[in-house]
$ cat upload.txt   # compact mmCIF, C-alpha atoms
# COMPACT_ATOMS: atom_id res chain seq x y z
CA MET A 1 69.40 -19.77 179.22
CA ALA A 2 67.53 -21.99 181.70
CA LYS A 3 69.12 -22.58 185.07
CA SER A 4 69.98 -26.20 185.82
CA PHE A 5 68.50 -27.60 189.01
CA LEU A 6 70.64 -30.73 188.93
CA SER A 7 73.28 -31.25 191.61
CA ARG A 8 76.94 -31.55 190.60
CA SER A 9 76.70 -35.34 190.99
CA GLU A 10 73.58 -35.54 188.83
CA GLN A 11 75.22 -33.38 186.16
CA LEU A 12 78.23 -35.71 186.10
CA VAL A 13 75.97 -38.76 185.74
CA ALA A 14 74.06 -37.13 182.88
CA LYS A 15 77.33 -36.32 181.12
CA SER A 16 78.72 -39.82 181.72
CA GLU A 17 76.56 -41.31 178.99
CA GLU A 18 78.50 -39.32 176.38
CA THR A 19 82.00 -39.37 177.89
CA SER A 20 84.83 -41.88 177.88
CA GLU A 21 85.82 -43.97 180.88
CA ARG A 22 88.99 -41.89 181.24
CA GLU A 23 86.95 -38.69 181.38
CA ARG A 24 84.59 -40.24 183.96
CA ALA A 25 87.60 -41.14 186.13
CA PHE A 26 88.92 -37.56 185.99
CA GLN A 27 85.46 -36.16 186.72
CA ARG A 28 85.14 -38.40 189.79
CA LEU A 29 88.60 -37.40 191.02
CA GLU A 30 87.77 -33.72 190.54
CA GLN A 31 84.49 -34.15 192.43
CA LEU A 32 86.26 -35.91 195.31
CA ILE A 33 88.84 -33.12 195.57
CA PHE A 34 86.14 -30.43 195.62
CA ASP A 35 84.26 -32.39 198.31
CA GLY A 36 87.47 -32.66 200.35
CA LEU A 37 88.07 -28.92 200.09
CA ARG A 38 84.52 -28.21 201.19
CA HIS A 39 84.75 -30.58 204.18
CA GLY A 40 88.23 -29.45 205.17
CA PHE A 41 89.72 -32.94 205.28
CA PHE A 42 90.73 -35.24 202.46
CA ASP A 43 92.83 -38.36 202.05
CA CYS A 44 93.06 -40.00 198.65
CA THR A 45 95.12 -42.69 196.95
CA VAL A 46 95.23 -43.22 193.19
CA SER A 47 96.74 -46.34 191.69
CA ILE A 48 96.92 -47.65 188.14
CA GLU A 49 97.70 -51.15 186.94
CA THR A 50 97.83 -52.80 183.52
CA ILE A 51 95.37 -55.66 183.20
CA LYS A 52 94.50 -58.07 180.39
CA GLU A 53 94.27 -56.80 176.83
CA HIS A 54 96.54 -53.85 177.76
CA LYS A 55 93.69 -52.09 179.56
CA ARG A 56 94.40 -49.93 182.60
CA ARG A 57 92.57 -50.19 185.90
CA LEU A 58 92.53 -46.83 187.68
CA LEU A 59 91.56 -47.17 191.34
CA ILE A 60 90.70 -44.17 193.49
CA LYS A 61 90.43 -44.71 197.24
CA ALA A 62 88.93 -41.80 199.14
CA GLY A 63 86.74 -43.19 201.89
CA ARG A 64 85.08 -45.33 199.27
CA SER A 65 86.79 -47.02 196.33
CA TYR A 66 86.09 -46.21 192.70
CA SER A 67 87.43 -48.41 189.91
CA PHE A 68 87.64 -47.49 186.22
CA VAL A 69 88.80 -49.81 183.42
CA ILE A 70 90.27 -47.71 180.64
CA PRO A 71 90.93 -49.18 177.18
CA GLN A 72 94.47 -48.86 175.81
CA GLU A 73 93.37 -46.37 173.12
CA GLU A 74 91.96 -44.00 175.76
CA ALA A 75 94.97 -44.42 178.02
CA GLU A 76 97.38 -43.47 175.23
CA ALA A 77 95.28 -40.69 173.67
CA SER A 78 96.39 -37.13 174.38
CA SER A 79 93.91 -34.75 175.96
$ encode --input "upload.txt" --output "structure tokens"
Amino acid sequence: MAKSFLSRSEQLVAKSEETSERERAFQRLEQLIFDGLRHGFFDCTVSIETIKEHKRRLLIKAGRSYSFVIPQEEAEASS
């Protein structure tokens, strides 16, 4: 098996083409938590609101802000 020389961020971007918006949001949150553990300091806020067409906007604020619009089907699907 060949060793991957891609960074964690690059691996997540490569995977993002085949994953749902909900999965991308969880991947970003996981990455932010790991970064916070590595740096020794972390402050994060996660908020969700329902927007038009019953979509959900998931907003992660951790230094920078990351916004994900998740369709209703993805929001209600079980993992």
$ closest_residue --input "upload.txt" --among "A:Gln31, A:Thr50, A:Thr19, A:Thr45" --to "A:Val69" --atoms "all atoms listed in the file"
A:Thr50
$ closest_residue --input "upload.txt" --among "A:Glu73, A:Lys55, A:Val46, A:Phe41" --to "A:Leu29" --atoms "only C-alpha atoms"
A:Val46
$ atom_distance --input "upload.txt" --atom1 "atom CA of A:Ser78" --atom2 "atom CA of A:Ile60"
21.1 Å
$ atom_distance --input "upload.txt" --atom1 "atom CA of A:Arg57" --atom2 "atom CA of A:Glu30"
17.8 Å
$ residues_near_point --input "upload.txt" --point "(96.0, -49.4, 184.2)" --cutoff "9 Å" --atoms "all atoms listed in the file" --output "list of chain:residue names"
A:Ser47, A:Ile48, A:Glu49, A:Thr50, A:Ile51, A:His54, A:Lys55, A:Arg56, A:Arg57, A:Leu58, A:Leu59, A:Phe68, A:Val69, A:Ile70, A:Pro71, A:Gln72, A:Ala75
$ atom_distance --input "upload.txt" --atom1 "atom CA of A:Ser67" --atom2 "atom CA of A:Ala25"
8.2 Å
$ residues_around --input "upload.txt" --residues "A:Gly63" --least-positions-apart "3" --cutoff "9 Å" --atoms "all atoms listed in the file" --output "PyMOL selection string"
chain A and resi 42-44
$ decode --input "upload.txt" --residues "stretch 50-62 of chain A" --atoms "all heavy atoms" --output "compact mmCIF listing (two decimals), in the first residue's frame"
# COMPACT_ATOMS: atom_id res chain seq x y z
N THR A 50 -32.77 26.94 10.68
CA THR A 50 -33.54 26.49 9.53
C THR A 50 -33.72 27.68 8.60
O THR A 50 -34.11 28.76 9.03
CB THR A 50 -34.91 25.95 9.96
OG1 THR A 50 -34.70 24.87 10.87
CG2 THR A 50 -35.70 25.43 8.77
N ILE A 51 -33.39 27.46 7.33
CA ILE A 51 -33.53 28.52 6.33
C ILE A 51 -34.54 28.08 5.29
O ILE A 51 -35.19 27.04 5.44
CB ILE A 51 -32.16 28.88 5.71
CG1 ILE A 51 -31.51 27.65 5.08
CG2 ILE A 51 -31.24 29.48 6.76
CD1 ILE A 51 -30.21 27.94 4.35
N LYS A 52 -34.67 28.83 4.21
CA LYS A 52 -35.70 28.52 3.21
C LYS A 52 -35.57 27.10 2.68
O LYS A 52 -34.50 26.52 2.69
CB LYS A 52 -35.65 29.54 2.06
CG LYS A 52 -34.37 29.54 1.28
CD LYS A 52 -34.40 30.62 0.23
CE LYS A 52 -33.04 30.67 -0.47
NZ LYS A 52 -33.00 31.67 -1.49
N GLU A 53 -36.69 26.58 2.24
CA GLU A 53 -36.82 25.23 1.71
C GLU A 53 -36.43 24.16 2.73
O GLU A 53 -35.95 23.09 2.38
CB GLU A 53 -36.00 25.08 0.42
CG GLU A 53 -36.45 26.01 -0.68
CD GLU A 53 -35.57 25.96 -1.91
OE1 GLU A 53 -34.72 25.05 -2.01
OE2 GLU A 53 -35.73 26.84 -2.76
N HIS A 54 -36.60 24.46 4.01
CA HIS A 54 -36.33 23.54 5.12
C HIS A 54 -34.87 23.07 5.19
O HIS A 54 -34.58 22.04 5.78
CB HIS A 54 -37.27 22.32 5.07
CG HIS A 54 -38.70 22.71 5.10
ND1 HIS A 54 -39.32 23.14 6.25
CD2 HIS A 54 -39.64 22.75 4.12
CE1 HIS A 54 -40.58 23.43 5.97
NE2 HIS A 54 -40.80 23.21 4.69
N LYS A 55 -33.98 23.84 4.58
CA LYS A 55 -32.55 23.52 4.68
C LYS A 55 -32.04 24.00 6.03
O LYS A 55 -32.66 24.82 6.69
CB LYS A 55 -31.77 24.21 3.56
CG LYS A 55 -32.12 23.69 2.18
CD LYS A 55 -31.35 24.43 1.12
CE LYS A 55 -31.76 23.96 -0.26
NZ LYS A 55 -31.08 24.73 -1.31
N ARG A 56 -30.90 23.46 6.44
CA ARG A 56 -30.28 23.86 7.70
C ARG A 56 -28.95 24.55 7.40
O ARG A 56 -28.17 24.07 6.58
CB ARG A 56 -29.99 22.66 8.60
CG ARG A 56 -31.14 21.71 8.88
CD ARG A 56 -32.37 22.40 9.42
NE ARG A 56 -33.32 21.45 9.99
CZ ARG A 56 -34.25 20.82 9.31
NH1 ARG A 56 -34.37 20.97 8.02
NH2 ARG A 56 -35.09 19.99 9.93
N ARG A 57 -28.71 25.67 8.06
CA ARG A 57 -27.40 26.31 7.96
C ARG A 57 -26.66 25.99 9.26
O ARG A 57 -27.10 26.35 10.35
CB ARG A 57 -27.52 27.81 7.81
CG ARG A 57 -26.12 28.48 7.79
CD ARG A 57 -26.16 29.98 7.59
NE ARG A 57 -26.65 30.28 6.26
CZ ARG A 57 -27.66 31.11 6.00
NH1 ARG A 57 -28.29 31.70 6.98
NH2 ARG A 57 -28.03 31.33 4.76
N LEU A 58 -25.55 25.30 9.13
CA LEU A 58 -24.70 24.96 10.27
C LEU A 58 -23.52 25.91 10.21
O LEU A 58 -22.82 25.98 9.20
CB LEU A 58 -24.23 23.50 10.16
CG LEU A 58 -23.51 22.95 11.38
CD1 LEU A 58 -23.77 21.45 11.48
CD2 LEU A 58 -22.02 23.19 11.31
N LEU A 59 -23.32 26.67 11.26
CA LEU A 59 -22.25 27.67 11.32
C LEU A 59 -21.29 27.30 12.45
O LEU A 59 -21.71 27.11 13.59
CB LEU A 59 -22.85 29.06 11.57
CG LEU A 59 -21.88 30.23 11.61
CD1 LEU A 59 -21.17 30.40 10.28
CD2 LEU A 59 -22.63 31.50 11.98
N ILE A 60 -20.03 27.16 12.09
CA ILE A 60 -18.97 26.86 13.06
C ILE A 60 -18.09 28.10 13.16
O ILE A 60 -17.56 28.56 12.15
CB ILE A 60 -18.12 25.65 12.62
CG1 ILE A 60 -18.99 24.41 12.41
CG2 ILE A 60 -17.02 25.38 13.65
CD1 ILE A 60 -18.26 23.26 11.74
N LYS A 61 -17.94 28.62 14.37
CA LYS A 61 -17.05 29.76 14.60
C LYS A 61 -15.91 29.29 15.50
O LYS A 61 -16.14 28.89 16.64
CB LYS A 61 -17.80 30.91 15.26
CG LYS A 61 -18.84 31.54 14.39
CD LYS A 61 -19.52 32.69 15.09
CE LYS A 61 -20.61 33.28 14.22
NZ LYS A 61 -21.29 34.41 14.88
N ALA A 62 -14.72 29.29 14.95
CA ALA A 62 -13.53 28.88 15.69
C ALA A 62 -12.36 29.68 15.15
O ALA A 62 -11.56 29.19 14.36
CB ALA A 62 -13.29 27.38 15.53
